[in-house]
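Next comes work-v8.pdb, with PDB, C-alpha atoms, pLDDT in the B column.
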MODEL        1
ATOM      1  CA  MET Z   1      77.714 118.853 116.651  1.00 94.00           C
ATOM      2  CA  TRP Z   2      81.141 117.392 117.285  1.00 97.00           C
ATOM      3  CA  ILE Z   3      81.890 114.047 115.683  1.00 98.00           C
ATOM      4  CA  LYS Z   4      84.922 111.733 115.548  1.00 98.00           C
ATOM      5  CA  ALA Z   5      86.777 111.224 112.272  1.00 98.00           C
ATOM      6  CA  ASP Z   6      89.771 109.073 111.311  1.00 98.00           C
ATOM      7  CA  MET Z   7      90.754 110.069 107.797  1.00 98.00           C
ATOM      8  CA  HIS Z   8      93.924 108.075 107.130  1.00 98.00           C
ATOM      9  CA  ILE Z   9      93.294 104.315 106.972  1.00 98.00           C
ATOM     10  CA  HIS Z  10      94.642 101.625 104.630  1.00 98.00           C
ATOM     11  CA  SER Z  11      92.775  98.606 103.296  1.00 98.00           C
ATOM     12  CA  THR Z  12      93.514  95.491 101.271  1.00 97.00           C
ATOM     13  CA  HIS Z  13      93.468  97.713  98.181  1.00 97.00           C
ATOM     14  CA  SER Z  14      97.021  98.768  99.121  1.00 96.00           C
ATOM     15  CA  ASP Z  15      98.994  97.626 102.166  1.00 95.00           C
ATOM     16  CA  GLY Z  16      96.306  97.273 104.814  1.00 96.00           C
ATOM     17  CA  ARG Z  17      95.163  94.015 106.377  1.00 95.00           C
ATOM     18  CA  ALA Z  18      91.417  94.654 106.523  1.00 97.00           C
ATOM     19  CA  SER Z  19      88.875  94.911 103.721  1.00 98.00           C
ATOM     20  CA  PRO Z  20      86.894  98.148 103.299  1.00 98.00           C
ATOM     21  CA  LYS Z  21      83.844  96.404 104.780  1.00 97.00           C
ATOM     22  CA  ASP Z  22      85.736  95.241 107.858  1.00 98.00           C
ATOM     23  CA  ILE Z  23      87.218  98.721 108.316  1.00 98.00           C
ATOM     24  CA  LEU Z  24      83.726 100.213 108.371  1.00 98.00           C
ATOM     25  CA  LEU Z  25      82.514  97.707 110.936  1.00 97.00           C
ATOM     26  CA  TYR Z  26      85.501  98.277 113.201  1.00 97.00           C
ATOM     27  CA  ALA Z  27      85.193 102.057 112.806  1.00 98.00           C
ATOM     28  CA  MET Z  28      81.561 101.845 113.894  1.00 97.00           C
ATOM     29  CA  TYR Z  29      82.674  99.826 116.938  1.00 96.00           C
ATOM     30  CA  ARG Z  30      85.144 102.616 117.746  1.00 97.00           C
ATOM     31  CA  GLU Z  31      82.296 105.160 117.525  1.00 97.00           C
ATOM     32  CA  LEU Z  32      83.739 106.978 114.537  1.00 98.00           C
ATOM     33  CA  LYS Z  33      81.215 108.896 112.437  1.00 98.00           C
ATOM     34  CA  VAL Z  34      83.558 109.683 109.532  1.00 98.00           C
ATOM     35  CA  ILE Z  35      86.403 107.741 107.952  1.00 98.00           C
ATOM     36  CA  SER Z  36      88.517 107.965 104.831  1.00 98.00           C
ATOM     37  CA  ILE Z  37      90.261 104.931 103.406  1.00 98.00           C
ATOM     38  CA  THR Z  38      93.363 106.463 101.870  1.00 98.00           C
ATOM     39  CA  ASP Z  39      95.094 103.652 100.062  1.00 98.00           C
ATOM     40  CA  HIS Z  40      98.377 104.393  98.310  1.00 98.00           C
ATOM     41  CA  ASP Z  41      97.852 106.012  94.905  1.00 98.00           C
ATOM     42  CA  THR Z  42      94.314 104.686  94.542  1.00 98.00           C
ATOM     43  CA  PHE Z  43      90.806 105.710  95.566  1.00 98.00           C
ATOM     44  CA  GLN Z  44      89.482 102.165  95.177  1.00 98.00           C
ATOM     45  CA  GLY Z  45      89.328 101.239  98.855  1.00 98.00           C
ATOM     46  CA  SER Z  46      87.253 104.282  99.746  1.00 98.00           C
ATOM     47  CA  VAL Z  47      85.018 103.845  96.698  1.00 98.00           C
ATOM     48  CA  VAL Z  48      84.183 100.286  97.747  1.00 98.00           C
ATOM     49  CA  ALA Z  49      83.606 101.388 101.346  1.00 98.00           C
ATOM     50  CA  SER Z  50      81.388 104.274 100.250  1.00 97.00           C
ATOM     51  CA  ARG Z  51      79.130 101.961  98.252  1.00 95.00           C
ATOM     52  CA  TYR Z  52      78.795  99.607 101.194  1.00 95.00           C
ATOM     53  CA  ALA Z  53      78.141 102.454 103.662  1.00 95.00           C
ATOM     54  CA  ARG Z  54      75.301 103.791 101.518  1.00 90.00           C
ATOM     55  CA  GLU Z  55      73.553 100.428 101.862  1.00 88.00           C
ATOM     56  CA  LYS Z  56      73.977 100.345 105.662  1.00 86.00           C
ATOM     57  CA  LYS Z  57      72.938 103.702 107.080  1.00 81.00           C
ATOM     58  CA  GLU Z  58      74.299 102.981 110.564  1.00 91.00           C
ATOM     59  CA  LEU Z  59      77.871 102.823 109.238  1.00 96.00           C
ATOM     60  CA  PRO Z  60      80.270 105.804 109.251  1.00 98.00           C
ATOM     61  CA  LEU Z  61      80.272 108.344 106.461  1.00 98.00           C
ATOM     62  CA  VAL Z  62      83.058 107.610 103.967  1.00 98.00           C
ATOM     63  CA  ILE Z  63      85.151 110.394 102.453  1.00 98.00           C
ATOM     64  CA  ILE Z  64      86.647 109.383  99.106  1.00 98.00           C
ATOM     65  CA  GLY Z  65      90.401 109.544  99.678  1.00 98.00           C
ATOM     66  CA  SER Z  66      93.878 108.482  98.641  1.00 98.00           C
ATOM     67  CA  GLU Z  67      97.431 108.866  99.904  1.00 98.00           C
ATOM     68  CA  VAL Z  68      99.303 110.121  96.858  1.00 98.00           C
ATOM     69  CA  ARG Z  69     103.058 109.761  96.490  1.00 98.00           C
ATOM     70  CA  SER Z  70     104.032 113.165  95.081  1.00 97.00           C
ATOM     71  CA  GLU Z  71     107.471 114.152  93.810  1.00 96.00           C
ATOM     72  CA  ARG Z  72     108.379 115.260  97.342  1.00 96.00           C
ATOM     73  CA  GLY Z  73     106.441 112.839  99.535  1.00 97.00           C
ATOM     74  CA  ASP Z  74     103.006 111.645 100.638  1.00 98.00           C
ATOM     75  CA  ILE Z  75      99.905 113.815 100.427  1.00 98.00           C
ATOM     76  CA  LEU Z  76      96.341 112.990 101.454  1.00 98.00           C
ATOM     77  CA  LEU Z  77      93.584 113.830  98.977  1.00 98.00           C
ATOM     78  CA  TYR Z  78      89.959 114.034 100.100  1.00 98.00           C
ATOM     79  CA  CYS Z  79      87.424 114.300  97.288  1.00 98.00           C
ATOM     80  CA  PHE Z  80      83.768 113.967  96.376  1.00 98.00           C
ATOM     81  CA  GLU Z  81      84.724 111.421  93.730  1.00 97.00           C
ATOM     82  CA  PRO Z  82      87.970 109.910  92.396  1.00 98.00           C
ATOM     83  CA  ILE Z  83      90.209 112.120  90.289  1.00 97.00           C
ATOM     84  CA  ASP Z  84      93.431 111.700  88.359  1.00 94.00           C
ATOM     85  CA  PHE Z  85      96.395 113.268  90.124  1.00 94.00           C
ATOM     86  CA  PRO Z  86      99.676 114.745  88.904  1.00 96.00           C
ATOM     87  CA  ARG Z  87     102.791 114.099  90.963  1.00 95.00           C
ATOM     88  CA  LYS Z  88     104.201 117.626  91.065  1.00 97.00           C
ATOM     89  CA  ILE Z  89     102.941 119.310  94.221  1.00 97.00           C
ATOM     90  CA  ASP Z  90     101.947 122.659  92.726  1.00 96.00           C
ATOM     91  CA  GLN Z  91     100.030 120.952  89.934  1.00 97.00           C
ATOM     92  CA  LEU Z  92      98.477 118.507  92.392  1.00 98.00           C
ATOM     93  CA  ILE Z  93      97.206 121.295  94.647  1.00 98.00           C
ATOM     94  CA  ASP Z  94      95.752 123.277  91.744  1.00 97.00           C
ATOM     95  CA  TYR Z  95      94.116 120.285  90.077  1.00 98.00           C
ATOM     96  CA  ALA Z  96      92.697 119.015  93.368  1.00 98.00           C
ATOM     97  CA  HIS Z  97      91.124 122.382  94.133  1.00 98.00           C
ATOM     98  CA  GLU Z  98      89.706 122.617  90.625  1.00 97.00           C
ATOM     99  CA  ASN Z  99      87.908 119.368  91.443  1.00 98.00           C
ATOM    100  CA  ASN Z 100      86.749 120.483  94.914  1.00 97.00           C
ATOM    101  CA  CYS Z 101      89.167 118.223  96.780  1.00 98.00           C
ATOM    102  CA  LEU Z 102      91.102 118.940  99.979  1.00 98.00           C
ATOM    103  CA  VAL Z 103      94.885 118.588 100.057  1.00 98.00           C
ATOM    104  CA  VAL Z 104      96.633 117.651 103.319  1.00 98.00           C
ATOM    105  CA  PRO Z 105     100.303 116.616 103.726  1.00 98.00           C
ATOM    106  CA  ALA Z 106     100.543 113.226 105.440  1.00 98.00           C
ATOM    107  CA  HIS Z 107     102.989 112.800 108.359  1.00 98.00           C
ATOM    108  CA  PRO Z 108     105.021 115.688 106.864  1.00 98.00           C
ATOM    109  CA  PHE Z 109     108.096 115.431 109.094  1.00 98.00           C
ATOM    110  CA  ASP Z 110     108.351 111.646 109.224  1.00 98.00           C
ATOM    111  CA  ALA Z 111     111.572 111.084 107.288  1.00 90.00           C
ATOM    112  CA  PHE Z 112     111.152 107.296 107.393  1.00 92.00           C
ATOM    113  CA  ARG Z 113     107.699 107.352 105.794  1.00 92.00           C
ATOM    114  CA  ALA Z 114     107.989 109.786 102.881  1.00 96.00           C
ATOM    115  CA  GLY Z 115     106.924 112.986 104.607  1.00 98.00           C
ATOM    116  CA  ILE Z 116     107.370 116.102 102.478  1.00 98.00           C
ATOM    117  CA  GLY Z 117     109.401 117.826 105.200  1.00 97.00           C
ATOM    118  CA  GLU Z 118     110.295 121.477 104.666  1.00 96.00           C
ATOM    119  CA  ALA Z 119     108.416 121.431 101.348  1.00 96.00           C
ATOM    120  CA  LEU Z 120     105.383 122.070 103.542  1.00 97.00           C
ATOM    121  CA  TYR Z 121     106.566 125.681 103.816  1.00 97.00           C
ATOM    122  CA  GLU Z 122     107.407 126.029 100.130  1.00 97.00           C
ATOM    123  CA  TYR Z 123     103.886 125.680  98.752  1.00 97.00           C
ATOM    124  CA  SER Z 124     100.621 127.489  99.440  1.00 93.00           C
ATOM    125  CA  GLY Z 125      97.135 126.115  99.088  1.00 96.00           C
ATOM    126  CA  TRP Z 126      97.173 123.419 101.757  1.00 98.00           C
ATOM    127  CA  ASP Z 127      93.786 122.796 103.345  1.00 98.00           C
ATOM    128  CA  GLY Z 128      95.284 121.413 106.535  1.00 98.00           C
ATOM    129  CA  VAL Z 129      98.186 119.464 107.983  1.00 98.00           C
ATOM    130  CA  GLU Z 130      98.228 115.987 109.461  1.00 98.00           C
ATOM    131  CA  VAL Z 131      99.656 117.117 112.789  1.00 98.00           C
ATOM    132  CA  TRP Z 132      99.419 113.746 114.485  1.00 98.00           C
ATOM    133  CA  ASN Z 133      99.968 110.337 112.973  1.00 98.00           C
ATOM    134  CA  SER Z 134      99.832 107.394 115.365  1.00 98.00           C
ATOM    135  CA  SER Z 135     102.611 105.632 113.428  1.00 95.00           C
ATOM    136  CA  SER Z 136     105.010 108.600 113.498  1.00 97.00           C
ATOM    137  CA  SER Z 137     107.450 109.553 116.228  1.00 97.00           C
ATOM    138  CA  LEU Z 138     106.617 112.142 118.852  1.00 97.00           C
ATOM    139  CA  GLY Z 139     109.313 114.430 117.439  1.00 98.00           C
ATOM    140  CA  ALA Z 140     107.895 114.268 113.917  1.00 98.00           C
ATOM    141  CA  ASN Z 141     104.380 114.954 115.196  1.00 98.00           C
ATOM    142  CA  LYS Z 142     105.526 117.915 117.279  1.00 98.00           C
ATOM    143  CA  LYS Z 143     107.155 119.480 114.204  1.00 98.00           C
ATOM    144  CA  ALA Z 144     103.880 119.071 112.309  1.00 98.00           C
ATOM    145  CA  ILE Z 145     101.914 120.688 115.144  1.00 98.00           C
ATOM    146  CA  ARG Z 146     104.291 123.638 115.157  1.00 98.00           C
ATOM    147  CA  ALA Z 147     104.081 124.006 111.372  1.00 98.00           C
ATOM    148  CA  SER Z 148     100.287 124.048 111.369  1.00 98.00           C
ATOM    149  CA  ARG Z 149     100.293 126.804 113.984  1.00 97.00           C
ATOM    150  CA  GLU Z 150     102.909 128.847 112.145  1.00 98.00           C
ATOM    151  CA  LEU Z 151     100.999 128.546 108.869  1.00 97.00           C
ATOM    152  CA  GLY Z 152      97.563 128.992 110.430  1.00 97.00           C
ATOM    153  CA  LEU Z 153      96.321 125.696 108.997  1.00 98.00           C
ATOM    154  CA  PRO Z 154      93.821 123.228 110.489  1.00 98.00           C
ATOM    155  CA  GLY Z 155      95.504 120.284 112.211  1.00 98.00           C
ATOM    156  CA  LEU Z 156      94.184 116.777 111.683  1.00 98.00           C
ATOM    157  CA  ALA Z 157      95.012 113.698 113.757  1.00 98.00           C
ATOM    158  CA  ASN Z 158      94.744 110.275 112.163  1.00 98.00           C
ATOM    159  CA  SER Z 159      95.614 106.671 112.955  1.00 98.00           C
ATOM    160  CA  ASP Z 160      97.237 105.742 109.613  1.00 98.00           C
ATOM    161  CA  ALA Z 161      95.845 102.298 110.413  1.00 98.00           C
ATOM    162  CA  HIS Z 162      97.166  99.310 108.491  1.00 97.00           C
ATOM    163  CA  ILE Z 163      95.498  96.828 110.836  1.00 97.00           C
ATOM    164  CA  PRO Z 164      92.000  97.166 112.346  1.00 97.00           C
ATOM    165  CA  ASP Z 165      93.280  97.567 115.927  1.00 97.00           C
ATOM    166  CA  TYR Z 166      94.833 100.914 114.992  1.00 98.00           C
ATOM    167  CA  ILE Z 167      91.604 102.482 113.717  1.00 98.00           C
ATOM    168  CA  GLY Z 168      90.570 105.402 115.886  1.00 98.00           C
ATOM    169  CA  VAL Z 169      93.731 105.355 118.031  1.00 98.00           C
ATOM    170  CA  ALA Z 170      94.158 108.960 116.924  1.00 98.00           C
ATOM    171  CA  TYR Z 171      91.260 110.956 115.499  1.00 98.00           C
ATOM    172  CA  THR Z 172      89.943 114.429 114.786  1.00 98.00           C
ATOM    173  CA  LEU Z 173      86.847 115.966 116.306  1.00 98.00           C
ATOM    174  CA  LEU Z 174      84.922 117.897 113.646  1.00 98.00           C
ATOM    175  CA  ASP Z 175      82.230 120.496 114.345  1.00 98.00           C
ATOM    176  CA  VAL Z 176      79.670 119.786 111.621  1.00 98.00           C
ATOM    177  CA  GLU Z 177      76.148 121.032 110.971  1.00 95.00           C
ATOM    178  CA  GLU Z 178      75.123 117.671 109.552  1.00 96.00           C
ATOM    179  CA  LEU Z 179      76.686 114.335 108.672  1.00 96.00           C
ATOM    180  CA  SER Z 180      77.661 114.899 105.049  1.00 97.00           C
ATOM    181  CA  VAL Z 181      80.788 115.201 102.926  1.00 98.00           C
ATOM    182  CA  GLU Z 182      80.022 118.875 102.344  1.00 98.00           C
ATOM    183  CA  ALA Z 183      79.747 119.533 106.084  1.00 98.00           C
ATOM    184  CA  VAL Z 184      83.011 117.688 106.803  1.00 98.00           C
ATOM    185  CA  PHE Z 185      84.874 119.699 104.160  1.00 98.00           C
ATOM    186  CA  LYS Z 186      83.376 122.935 105.492  1.00 98.00           C
ATOM    187  CA  ALA Z 187      84.459 122.115 109.059  1.00 98.00           C
ATOM    188  CA  ILE Z 188      88.043 121.471 107.935  1.00 98.00           C
ATOM    189  CA  LYS Z 189      88.213 124.581 105.740  1.00 97.00           C
ATOM    190  CA  ASN Z 190      86.883 126.736 108.606  1.00 97.00           C
ATOM    191  CA  ASN Z 191      89.271 125.149 111.117  1.00 98.00           C
ATOM    192  CA  ARG Z 192      86.470 123.747 113.244  1.00 98.00           C
ATOM    193  CA  VAL Z 193      88.650 120.819 114.233  1.00 98.00           C
ATOM    194  CA  ARG Z 194      90.204 119.401 117.398  1.00 98.00           C
ATOM    195  CA  PRO Z 195      92.906 116.762 116.921  1.00 98.00           C
ATOM    196  CA  TYR Z 196      93.069 113.959 119.480  1.00 97.00           C
ATOM    197  CA  PHE Z 197      96.627 112.750 120.006  1.00 97.00           C
ATOM    198  CA  GLY Z 198      96.904 109.033 120.621  1.00 97.00           C
ATOM    199  CA  TYR Z 199      99.300 106.115 120.258  1.00 97.00           C
ATOM    200  CA  PRO Z 200      98.310 102.428 120.307  1.00 96.00           C
ATOM    201  CA  PRO Z 201      98.978 100.115 123.254  1.00 95.00           C
ATOM    202  CA  PHE Z 202     102.280  98.260 122.959  1.00 95.00           C
ATOM    203  CA  LYS Z 203     100.607  94.946 122.095  1.00 95.00           C
ATOM    204  CA  VAL Z 204      98.777  96.625 119.219  1.00 95.00           C
ATOM    205  CA  PHE Z 205     102.040  98.186 118.043  1.00 94.00           C
ATOM    206  CA  LEU Z 206     103.533  94.665 117.973  1.00 95.00           C
ATOM    207  CA  LYS Z 207     100.599  93.483 115.860  1.00 94.00           C
ATOM    208  CA  ARG Z 208     101.385  96.255 113.387  1.00 93.00           C
ATOM    209  CA  ILE Z 209     105.029  95.142 113.197  1.00 92.00           C
ATOM    210  CA  ALA Z 210     103.920  91.539 112.699  1.00 92.00           C
ATOM    211  CA  TRP Z 211     101.689  92.589 109.807  1.00 93.00           C
ATOM    212  CA  SER Z 212     104.568  94.484 108.171  1.00 89.00           C
ATOM    213  CA  ILE Z 213     106.759  91.383 108.395  1.00 89.00           C
ATOM    214  CA  GLU Z 214     103.987  89.180 107.051  1.00 91.00           C
ATOM    215  CA  ARG Z 215     103.493  91.487 104.064  1.00 86.00           C
ATOM    216  CA  LEU Z 216     107.216  91.451 103.377  1.00 81.00           C
ATOM    217  CA  PHE Z 217     107.176  87.665 103.087  1.00 76.00           C
ATOM    218  CA  MET Z 218     104.011  87.783 100.989  1.00 75.00           C
ATOM    219  CA  LYS Z 219     105.771  90.071  98.507  1.00 68.00           C
ATOM    220  CA  LYS Z 220     108.721  87.686  98.241  1.00 61.00           C
ATOM    221  CA  LYS Z 221     106.551  84.698  97.368  1.00 58.00           C
ATOM    222  CA  PRO Z 222     106.658  83.829  93.643  1.00 58.00           C
TER     223      PRO Z 222
ENDMDL
END
Using structure tokens, write down the structure that the file contains.
Amino acid sequence: MWIKADMHIHSTHSDGRASPKDILLYAMYRELKVISITDHDTFQGSVVASRYAREKKELPLVIIGSEVRSERGDILLYCFEPIDFPRKIDQLIDYAHENNCLVVPAHPFDAFRAGIGEALYEYSGWDGVEVWNSSSSLGANKKAIRASRELGLPGLANSDAHIPDYIGVAYTLLDVEELSVEAVFKAIKNNRVRPYFGYPPFKVFLKRIAWSIERLFMKKKP
């Protein structure tokens, strides 16, 4: 069966506006069956969401995730449970695989948002590429699409939501045998994926800018 997944979302555990609980509720409204809360350098948001989702069976399946700032840029980790992570890419890939995690470069050609750029071609062992990020430019996304095709890697599309309105703007269709973490990982590894390319409406984009400005002032407060 084909299901909708948005596997790059931020919560209040890093720089997102919504709590893990609110993200789950909005994701359900958007008819997503799988999400991953990938807060910066922490698994905490997804851990909290996973606990809540287990209590409410109608909520989306939560993949334990984090957006890790490596030595060269941002990388998405999807795991069965939280792990420690080194910052050097080769060590990160090896350690993640030793712990049955998936490793996916986030917005790789977005120079303004810590994409790893050409380093994508320098390392082997990627489990996929984020080929579409609804916060990245069209040019950056097109480069990622081309790279995934050249490298023969599965392409994932994600919202990179920092506010609830962004959730599900872009998503990936996954062909899974059942709704489980194991089935999601298997679908990605076997390239049974279809990325859906989407950008938010302009008014939602403005909300995202407003949230960024609000966070900037929050940081400056003593």
Given all atoms listed in the file, how would the per-residue table for region 114-138 of chain Z near region 196-201 of chain Z read, listing every residue at most 8 Å away with its closest atom pair and distance in Å to one decimal, sorted by chain and number, as a Markdown table?
| residue | atom | partner | partner_atom | distance |
| --- | --- | --- | --- | --- |
| Z:Trp132 | CA | Z:Phe197 | CA | 6.3 |
| Z:Ser134 | CA | Z:Tyr199 | CA | 5.1 |
| Z:Ser135 | CA | Z:Tyr199 | CA | 7.6 |
* Asked: What does the distance from CA of Ile9 (chain Z) to CA of His162 (chain Z) come to in Å, to one decimal?
  -> 6.5 Å
List every residue of region 119-171 of chain Z that has an atom at most 9 Å from any atom of region 19-24 of chain Z, and for each one report the closest atom pair and its distance in Å to one decimal, counting only C-alpha atoms, with rows sorted by chain and then by increasing residue number, as JSON lines.
{"residue": "Z:Ile163", "atom": "CA", "partner": "Z:Ile23", "partner_atom": "CA", "distance": 8.9}
{"residue": "Z:Pro164", "atom": "CA", "partner": "Z:Ile23", "partner_atom": "CA", "distance": 6.4}
{"residue": "Z:Ile167", "atom": "CA", "partner": "Z:Ile23", "partner_atom": "CA", "distance": 7.9}
Selected by the PyMOL selection byres ((chain Z and resi 128) around 12) in the shown coordinates: which residues, as a PDB file with C-alpha atoms, in the frame of the given file?
ATOM      1  CA  ILE Z  75      99.905 113.815 100.427  1.00 98.00           C
ATOM      2  CA  LEU Z  76      96.341 112.990 101.454  1.00 98.00           C
ATOM      3  CA  LEU Z  77      93.584 113.830  98.977  1.00 98.00           C
ATOM      4  CA  TYR Z  78      89.959 114.034 100.100  1.00 98.00           C
ATOM      5  CA  CYS Z 101      89.167 118.223  96.780  1.00 98.00           C
ATOM      6  CA  LEU Z 102      91.102 118.940  99.979  1.00 98.00           C
ATOM      7  CA  VAL Z 103      94.885 118.588 100.057  1.00 98.00           C
ATOM      8  CA  VAL Z 104      96.633 117.651 103.319  1.00 98.00           C
ATOM      9  CA  PRO Z 105     100.303 116.616 103.726  1.00 98.00           C
ATOM     10  CA  ALA Z 106     100.543 113.226 105.440  1.00 98.00           C
ATOM     11  CA  HIS Z 107     102.989 112.800 108.359  1.00 98.00           C
ATOM     12  CA  PRO Z 108     105.021 115.688 106.864  1.00 98.00           C
ATOM     13  CA  LEU Z 120     105.383 122.070 103.542  1.00 97.00           C
ATOM     14  CA  SER Z 124     100.621 127.489  99.440  1.00 93.00           C
ATOM     15  CA  GLY Z 125      97.135 126.115  99.088  1.00 96.00           C
ATOM     16  CA  TRP Z 126      97.173 123.419 101.757  1.00 98.00           C
ATOM     17  CA  ASP Z 127      93.786 122.796 103.345  1.00 98.00           C
ATOM     18  CA  VAL Z 129      98.186 119.464 107.983  1.00 98.00           C
ATOM     19  CA  GLU Z 130      98.228 115.987 109.461  1.00 98.00           C
ATOM     20  CA  VAL Z 131      99.656 117.117 112.789  1.00 98.00           C
ATOM     21  CA  TRP Z 132      99.419 113.746 114.485  1.00 98.00           C
ATOM     22  CA  ALA Z 144     103.880 119.071 112.309  1.00 98.00           C
ATOM     23  CA  ILE Z 145     101.914 120.688 115.144  1.00 98.00           C
ATOM     24  CA  ALA Z 147     104.081 124.006 111.372  1.00 98.00           C
ATOM     25  CA  SER Z 148     100.287 124.048 111.369  1.00 98.00           C
ATOM     26  CA  ARG Z 149     100.293 126.804 113.984  1.00 97.00           C
ATOM     27  CA  LEU Z 151     100.999 128.546 108.869  1.00 97.00           C
ATOM     28  CA  GLY Z 152      97.563 128.992 110.430  1.00 97.00           C
ATOM     29  CA  LEU Z 153      96.321 125.696 108.997  1.00 98.00           C
ATOM     30  CA  PRO Z 154      93.821 123.228 110.489  1.00 98.00           C
ATOM     31  CA  GLY Z 155      95.504 120.284 112.211  1.00 98.00           C
ATOM     32  CA  LEU Z 156      94.184 116.777 111.683  1.00 98.00           C
ATOM     33  CA  ALA Z 157      95.012 113.698 113.757  1.00 98.00           C
ATOM     34  CA  PHE Z 185      84.874 119.699 104.160  1.00 98.00           C
ATOM     35  CA  ALA Z 187      84.459 122.115 109.059  1.00 98.00           C
ATOM     36  CA  ILE Z 188      88.043 121.471 107.935  1.00 98.00           C
ATOM     37  CA  LYS Z 189      88.213 124.581 105.740  1.00 97.00           C
ATOM     38  CA  ASN Z 190      86.883 126.736 108.606  1.00 97.00           C
ATOM     39  CA  ASN Z 191      89.271 125.149 111.117  1.00 98.00           C
ATOM     40  CA  ARG Z 192      86.470 123.747 113.244  1.00 98.00           C
ATOM     41  CA  VAL Z 193      88.650 120.819 114.233  1.00 98.00           C
ATOM     42  CA  PRO Z 195      92.906 116.762 116.921  1.00 98.00           C
TER      43      PRO Z 195
END
* To do: Give me the residues within 7 Å of Ile89 (chain Z) as a PyMOL selection string, counting only C-alpha atoms and dropping any in the same chain fewer than 3 places off.
  => chain Z and resi 70-71+92-93
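With all atoms listed in the file as the basis for measurement, Z:Ala53 is the residue among Z:Val169, Z:Met7, Z:Ala53, Z:Met1 that approaches Leu25 (chain Z) most closely.
Under the PyMOL selection byres ((chain Z and resi 82) around 12), the matching residues in the shown file are Thr38, Asp41, Thr42, Phe43, Gln44, Gly45, Ser46, Val47, Val48, Ser50, Ile63, Ile64, Gly65, Ser66, Leu77, Tyr78, Cys79, Phe80, Glu81, Ile83, Asp84, Phe85, Ala96, Asn99, Asn100 and Cys101 of chain Z.
For the atom pair formed by CA of Val68 (chain Z) and CA of His40 (chain Z), the distance is 6.0 Å, given to one decimal.
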What are the centre and edge lengths in Å, to one decimal, of the axis-aligned box around all listed atoms of region 189-196 of chain Z with 6 Å added on each side, as AutoDock Vina command-line options?
--center_x 89.8 --center_y 120.3 --center_z 112.6 --size_x 18.6 --size_y 24.8 --size_z 25.7
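Residue membership of the PyMOL selection byres ((chain Z and resi 118) around 10) in the shown file amounts to Z:Arg72, Z:Pro108, Z:Phe109, Z:Gly115, Z:Ile116, Z:Gly117, Z:Ala119, Z:Leu120, Z:Tyr121, Z:Glu122, Z:Tyr123, Z:Ala147.
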